[in-house]
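Read through the structure below, which is laid out as structure tokens, and then see the notes.
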Amino acid sequence: MIRSAIRFRAAILAGSALAVAIPAHAADDTQRDYLGSEIIVTGQRESYVNNDGSTATKTPTPLLNVPQAVTVITADQIEDQGLRNLNDALRFVTGVSLGTGEGHRDQIVLRGQSTTADFFIDGLRDDSQYYRPLYNVERIEVLKGANALIFGRGAGGGAINRVMKTADTMTSFVGADFSLDSFGGFSGAADINQPLTDTVALRVTGTYEELNNHRNFYDGRFFGISPTLTAELGPNTRLTASYTYDDDRRVVDRGIPSENGAPLRGFDKVFFGDTNGYNTSTNQVHIARARIDHAFSEALSFNASVQFADYDKFYGNILPGALGGPANARTVTLSGYESGNTRQNLIGQANLIAEFATGPATHTLLVGAEAMDQDSTAIRNNVSFGGAGNVTLPLATSFTIPAFTIVPNSESESSLNTLSFYVQDQIDFGLVQLVAGLRYDRFDLETLNIRSGFAGERVDEKWSPRLGVIVKPTEAISLYASYATSFLPQSGDQFTVLSAVSETLVPEKFENWEAGVKYAITPELVATAAVFQLDRTNTQSPDPANPGQIILTGATRTKGIELSLAGEVSRDLQLTLGYTLLDGKITRTTSSAPAGRELAQVPGHQVSAWARYQLTRQFGIGAGLIHQSSQYTTLTNAVELPSYARVDAALYYDVSPELTLQLNVENLFDATYYPSSHNDNNIQPGEPFNATLSARIRF
């Protein structure tokens with residue numbers, strides 16, 4: 001029986017009065033205008049550049065003074081590119097490559113580290129496995145490099161934070177978006193903000209989508225709604241409360257197999273699954289959040305937040321394996337399974353921020369605490385074809401899946417409690433600034449393997465430092481160097497079940513060394529450059545002296561260079577450019593591969609570009625480019641995804657101040673490419689030419 005964590009729940013709820021959240025963000029820009037005419041809204045137009053670095057420090061800090069590479073996808077960029085889900089947005093972030101997530105979840109590789117759990121909402125963990133929409137998102141922040149001081153365990157390669165839309169007490173607006181693409185998919189969305197009194201406002205965002213793409217038999221639908229309330233409780237106190245409900249149902253598409261070390265050609269539309277409904281994923285997400293911000297004075301403030309999330313996920317799938325047979329009679333092996341997961345997270349976070357001076361130095365001191373209670377269940381059943389775990393069929397353009405039965409495989413329960421305390425001081429000497437901090441985490445995980453009866457438990461207590469030095473030759477330039485660490489207990493990033501081995505091994509460790517420069521060419525145009533080295537150690541490896549035993553001598557290293565330019569080049573031109581050079585290798589043999597192998601899904605070169613140019617007051621054009629060099633699908637280094645370049649384009653027409661028509665074209669030149677994989681035989685073909693026509697109404 002999993003031990004109850006009631007004491008942690010009580011601690012979280014009691015501490016929520018002191019929990020911190022990210023400071024309130026500028027109101028939504030509902031009358032965006034690239035020509036610089038008057039904008040009748042509260043707050044500042046973001047365009048393609050953002051200078052809020054509070055997520056990276058938990059204090060009011062300009063992004064220019066954060067000793068870490070950060071990429072921000074702003075509301076304007078999300079709108080201009082017609083982005084509707086997190087996966088599509090992250091394709092334009094260099095240093096990030098996408099896994100297929102088995103066709104039912106977000107999965108990214110950031111600085112060579114694969115994760116399904118390092119996702120956050122306004123700085124609070126959102127770690128279940130699902131596809132994350134953007135209908136209620138103001139901007140996306142990609143924070144790169146290990147940094148447990150801010151995010152706790154995991155986040156070895158970095159973290160993805162979504163800043164959510166909030167209600168504005170100063171303005172009223174109604175917005176609606178409708179779109180239709182050339183595959184037959186369509187969507188409708190609404191965004192309504194209404195002040196209820198001088199100090200209270202309500203905002204409701206919602207969307208409904210019918211999903212379709214180039215793949216045979218693919219479809220699905222998504223519904224989401226998210227009301228949020230803002231209340232000014234006094235001149236120095238603000239309360240924000242929100243609730244989100246997302247309901248997703250879609251076909252689970254595991255992609256295509258490989259042949260001769262490359263994706264199988266000529267089968268880009270072929271669905272290697274069950275067309276009678278077994279390949280289906282359903283997911284319901286409920287997230288309720290509350291936050292209070294209070295300033296005791298200009299020099300002392302606290303923020304408080306609490307979040308409860310409930311996730312309910314189930315999917316089944318038939319998937320392709322290896323090809324076989326002679327060239328003129330090829331075969332494909334199919335297997336399958338189904339999996340169900342439920343999870344409830346309760347998170348509270350508490351920060352106190354003080355600003356003061358000691359002699360010539362000024363300080364921004366952060367003292368904080370965080371507690372989390374997580375209860376999960378997981379079940380997996382395998383598909384059996386007449387008593388066999390797989391079936392071999394002739395390779396074809398469509399498949400009739402033979403009758404199969406479901407065989408129970410595994411079932412588990414887990415209870416995770418974390419308690420964290422951290423302190424950080426940002427010291428400004430004028431020319432030089434220091435960022436120094438230390439975090440303590442207690443990580444208490446209990447699991448029960450219901451099938452075997454094995455009850456596992458591990459308790460980890462870790463200290464995670466962070467140190468950054470920033471040199472400011474001018475206010476517009478920051479030269480920085482930093483060191484930060486993170487850790488991951490030896491139980492995967494979802495913490496579903498422990499084995500007799502994994503409950504005894506010390507956590508993996510991530511160390512990130514980074515140096516860079518950030519230059520605000522103008523207040524609306526920022527260039528950055530960074531070099532980094534990320535080492536992952538304490539990785540499981542077979543013991544050469546004791547066959548069958550595990551030792552923690554494995555290690556990997558990722559090195560790289562990142563360059564970016566984002567913002568307003570002129571009154572009419574907005575752009576974002578990025579380039580990343582990556583080199584990721586296993587440096588000491590692990591249980592997965594020997595030393596010298598290249599890390600999976602780490603392209604050596606990545607280029608991204610997007611620009612919007614306003615031709616006249618009514619007409620605008622956009623264009624974008626994504627390029628990735630070749631990359632291996634897994635640590636076997638046996639299958640390689642070829643390099644590719646994809647060009648996108650857009651047209652914008654402001655029919656009136658209230659109505660805008662927008663045409664987005666993905667893959668303008670209809671390139672054939674394979675952007676992601678899950679293993680050597682689950683490779684996702686990229687979409688061919690696809691046009692989406694949208695109408696946007698604002699009044």
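Going by the structure tokens order, chains are called A, B, ..., each with residues numbered from 1, while ligands are numbered from 1 in the order shown.
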
Closest pair table for region 275-318 of chain A residues within 12 Å of region 142-166 of chain A, only C-alpha atoms, as a Markdown table:
| residue | atom | partner | partner_atom | distance |
| --- | --- | --- | --- | --- |
| A:Arg289 | CA | A:Met164 | CA | 11.0 |
| A:Ala290 | CA | A:Thr166 | CA | 11.6 |
| A:Arg291 | CA | A:Thr166 | CA | 11.3 |

Closest contacts (region 565-653 of chain A/region 104-116 of chain A, max 12 Å, only C-alpha atoms) as a tab-separated table:
residue	atom	partner	partner_atom	distance
A:Thr580	CA	A:Arg111	CA	9.9
A:Leu581	CA	A:Arg111	CA	10.2
A:Leu582	CA	A:Arg111	CA	7.7
A:Asp583	CA	A:Gly112	CA	8.6
A:Gly584	CA	A:Gly112	CA	6.2
A:Lys585	CA	A:Gly112	CA	8.8
A:Ile586	CA	A:Gly112	CA	10.6
A:Glu598	CA	A:Gly112	CA	9.7
A:Leu599	CA	A:Gly112	CA	6.5
A:Ala600	CA	A:Gly112	CA	7.4
A:Gln601	CA	A:Val109	CA	7.0
A:Val602	CA	A:Gly112	CA	5.8
A:Pro603	CA	A:Gly112	CA	9.3
A:Gly604	CA	A:Gly112	CA	10.7
A:Gln606	CA	A:Arg111	CA	11.9
A:Gln631	CA	A:Gly112	CA	11.3
A:Tyr632	CA	A:Gly112	CA	11.7
A:Thr633	CA	A:Val109	CA	11.6
A:Thr634	CA	A:Ser114	CA	11.0
A:Leu635	CA	A:Gly112	CA	11.5

Would you list the contacts of Leu346 (chain A) as an NGL selection string, taking every protein, DNA or RNA residue within 7 Å and counting only C-alpha atoms, but skipping same-chain residues closer than 3 positions in sequence? :A and (307-309 or 372-374)

With only C-alpha atoms as the atoms that count, which of A:Leu134, A:Ile353, A:Val270, A:Val391 lies nearest to Gln424 (chain A)?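 Among the listed residues, A:Ile353 lies closest to Gln424 (chain A).
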
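Checking A:Val655, A:Ser384, A:Arg203, A:Val367 one by one against Ile697 (chain A), counting only C-alpha atoms, you find the shortest gap at A:Val655.
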
Enumerate the residues of region 116-267 of chain A with a DSSP assignment of alpha helix (DSSP H), computed from the backbone, and present them as a list in words.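 Residues meeting the alpha helix (DSSP H) criterion: Ala148, Leu149, Ile150 and Phe151 of chain A.
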
Dump of N, CA and C atoms for the selected residues, as a JSON list (two decimals), in the first residue's frame:
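Done, and the output landed in selection11.json:
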[["chain", "number", "residue", "atom", "x", "y", "z"],
["A", 148, "ALA", "N", 18.72, 23.38, -11.63],
["A", 148, "ALA", "CA", 17.83, 22.87, -10.59],
["A", 148, "ALA", "C", 17.47, 23.95, -9.57],
["A", 149, "LEU", "N", 18.28, 25.00, -9.46],
["A", 149, "LEU", "CA", 17.97, 26.05, -8.50],
["A", 149, "LEU", "C", 16.58, 26.61, -8.74],
["A", 150, "ILE", "N", 16.21, 26.78, -10.00],
["A", 150, "ILE", "CA", 14.92, 27.36, -10.34],
["A", 150, "ILE", "C", 13.86, 26.29, -10.52],
["A", 151, "PHE", "N", 14.21, 25.15, -11.14],
["A", 151, "PHE", "CA", 13.19, 24.18, -11.55],
["A", 151, "PHE", "C", 13.20, 22.87, -10.77]]

Non-local contacts of region 692-694 of chain A (7 Å; only C-alpha atoms; under 5 positions in same chain excluded) as a list in words: Asp177, Phe178, Ser179, Leu180, Asp181, Ser182, Leu661, Gln662, Leu663, Asn664 and Val665 of chain A

Could you please take those selected residues and save C-alpha atoms as an mmCIF file, in the first residue's frame?
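Output file part38.cif is given in full below:
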data_model
loop_
_atom_site.group_PDB
_atom_site.id
_atom_site.type_symbol
_atom_site.label_atom_id
_atom_site.label_comp_id
_atom_site.auth_asym_id
_atom_site.auth_seq_id
_atom_site.Cartn_x
_atom_site.Cartn_y
_atom_site.Cartn_z
ATOM 1 C CA ASP A 177 -10.282 33.142 -34.836
ATOM 2 C CA PHE A 178 -11.405 30.691 -37.495
ATOM 3 C CA SER A 179 -9.128 28.622 -39.740
ATOM 4 C CA LEU A 180 -9.287 25.888 -42.376
ATOM 5 C CA ASP A 181 -6.304 23.989 -43.821
ATOM 6 C CA SER A 182 -5.799 22.117 -47.083
ATOM 7 C CA LEU A 661 -7.341 37.623 -43.089
ATOM 8 C CA GLN A 662 -4.218 35.465 -42.921
ATOM 9 C CA LEU A 663 -2.815 32.743 -45.177
ATOM 10 C CA ASN A 664 -0.031 30.527 -43.808
ATOM 11 C CA VAL A 665 1.762 28.030 -46.043
#

Residues within 12 Å of Thr400 (chain A), only C-alpha atoms, excluding chain neighbours under 2 positions, as a PyMOL selection string: chain A and resi 271-276+318+334+391-398+402-404

Writing out the chosen residues with N, CA, C and O atoms as a compact mmCIF listing (two decimals), in the first residue's frame:
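part_30.txt was written with the following content:
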# COMPACT_ATOMS: atom_id res chain seq x y z
N PHE A 271 -0.29 4.20 -43.13
CA PHE A 271 -0.54 4.08 -41.69
C PHE A 271 -0.28 2.64 -41.27
O PHE A 271 -0.99 1.72 -41.68
N PHE A 272 0.75 2.44 -40.44
CA PHE A 272 1.13 1.10 -39.98
C PHE A 272 0.44 0.79 -38.65
O PHE A 272 1.07 0.41 -37.67
N GLY A 273 -0.87 0.97 -38.60
CA GLY A 273 -1.61 0.74 -37.38
C GLY A 273 -2.97 0.16 -37.67
O GLY A 273 -3.29 -0.21 -38.81
N ASP A 274 -3.80 0.11 -36.63
CA ASP A 274 -5.14 -0.45 -36.75
C ASP A 274 -6.10 0.65 -37.16
O ASP A 274 -6.22 1.68 -36.48
N THR A 275 -6.80 0.46 -38.27
CA THR A 275 -7.72 1.48 -38.79
C THR A 275 -9.12 1.36 -38.19
O THR A 275 -10.00 2.13 -38.55
N ASN A 276 -9.33 0.42 -37.29
CA ASN A 276 -10.65 0.20 -36.71
C ASN A 276 -10.79 0.81 -35.32
O ASN A 276 -11.71 0.45 -34.57
N ILE A 318 -1.08 -0.12 -32.46
CA ILE A 318 -0.31 -1.08 -33.23
C ILE A 318 0.80 -0.29 -33.92
O ILE A 318 0.55 0.79 -34.46
N LEU A 334 4.73 -6.16 -37.01
CA LEU A 334 3.89 -5.26 -36.22
C LEU A 334 3.71 -5.82 -34.82
O LEU A 334 3.62 -7.03 -34.62
N VAL A 391 3.30 -9.87 -35.22
CA VAL A 391 2.85 -10.55 -36.43
C VAL A 391 3.61 -9.96 -37.61
O VAL A 391 3.91 -8.77 -37.63
N THR A 392 3.95 -10.80 -38.57
CA THR A 392 4.67 -10.36 -39.76
C THR A 392 3.72 -10.39 -40.95
O THR A 392 3.10 -11.42 -41.23
N LEU A 393 3.63 -9.24 -41.64
CA LEU A 393 2.72 -9.10 -42.77
C LEU A 393 3.49 -8.62 -44.00
O LEU A 393 4.55 -7.98 -43.87
N PRO A 394 2.99 -8.91 -45.19
CA PRO A 394 3.60 -8.36 -46.40
C PRO A 394 3.56 -6.84 -46.37
O PRO A 394 2.54 -6.24 -45.96
N LEU A 395 4.64 -6.19 -46.75
CA LEU A 395 4.68 -4.73 -46.80
C LEU A 395 3.70 -4.25 -47.87
O LEU A 395 3.73 -4.71 -49.01
N ALA A 396 2.80 -3.34 -47.50
CA ALA A 396 1.76 -2.89 -48.40
C ALA A 396 1.42 -1.43 -48.10
O ALA A 396 1.95 -0.83 -47.16
N THR A 397 0.53 -0.86 -48.89
CA THR A 397 0.11 0.52 -48.68
C THR A 397 -1.09 0.61 -47.75
O THR A 397 -1.50 1.70 -47.38
N SER A 398 -1.67 -0.53 -47.38
CA SER A 398 -2.71 -0.57 -46.36
C SER A 398 -2.68 -1.94 -45.71
O SER A 398 -2.25 -2.92 -46.34
N PRO A 402 -4.64 -8.52 -38.18
CA PRO A 402 -5.29 -9.75 -37.73
C PRO A 402 -5.90 -9.59 -36.34
O PRO A 402 -5.55 -8.68 -35.58
N ALA A 403 -6.83 -10.48 -36.02
CA ALA A 403 -7.44 -10.45 -34.70
C ALA A 403 -6.38 -10.60 -33.61
O ALA A 403 -5.40 -11.34 -33.78
N PHE A 404 -6.57 -9.87 -32.53
CA PHE A 404 -5.60 -9.94 -31.43
C PHE A 404 -6.34 -9.90 -30.11
O PHE A 404 -7.51 -9.50 -30.02

Test item: residues at most 7 Å from Arg612 (chain A), only C-alpha atoms, excluding those fewer than 2 positions along its chain, as a VMD selection string: chain A and resid 573 to 575 614 620 to 623

Next, dump the selected residues to file, keeping only N, CA and C atoms, as a CSV table (one decimal), in the first residue's frame.
chain,number,residue,atom,x,y,z
A,573,LEU,N,9.6,45.8,-40.2
A,573,LEU,CA,10.2,44.4,-40.3
A,573,LEU,C,10.5,43.9,-38.9
A,574,GLN,N,9.8,42.7,-38.6
A,574,GLN,CA,10.1,41.9,-37.4
A,574,GLN,C,10.7,40.6,-37.8
A,575,LEU,N,11.7,40.2,-37.0
A,575,LEU,CA,12.3,38.9,-37.4
A,575,LEU,C,12.9,38.2,-36.2
A,614,GLN,N,5.8,44.5,-43.2
A,614,GLN,CA,4.5,45.2,-43.5
A,614,GLN,C,4.7,46.0,-44.7
A,620,GLY,N,0.7,42.6,-45.4
A,620,GLY,CA,2.0,42.2,-44.9
A,620,GLY,C,2.3,40.8,-45.4
A,621,ILE,N,3.6,40.5,-45.4
A,621,ILE,CA,4.1,39.2,-45.9
A,621,ILE,C,5.0,38.6,-44.8
A,622,GLY,N,5.0,37.2,-44.8
A,622,GLY,CA,5.9,36.5,-43.9
A,622,GLY,C,6.6,35.4,-44.5
A,623,ALA,N,7.8,35.0,-44.0
A,623,ALA,CA,8.6,33.9,-44.6
A,623,ALA,C,9.4,33.3,-43.5

Contacts of Arg696 (chain A) within 12 Å, only C-alpha atoms, excl. fewer than 6 positions in-chain, as JSON, numbers by chain: {"A": [30, 31, 79, 80, 82, 174, 175, 176, 177, 178, 179, 187, 188, 189, 190, 191, 652, 653, 654, 655, 656, 657, 658, 659, 660, 661, 662, 663]}

Expected answer as a PyMOL selection string: strand (DSSP E) residues in region 651-690 of chain A: chain A and resi 651-654+659-666+676-679+682-684+690
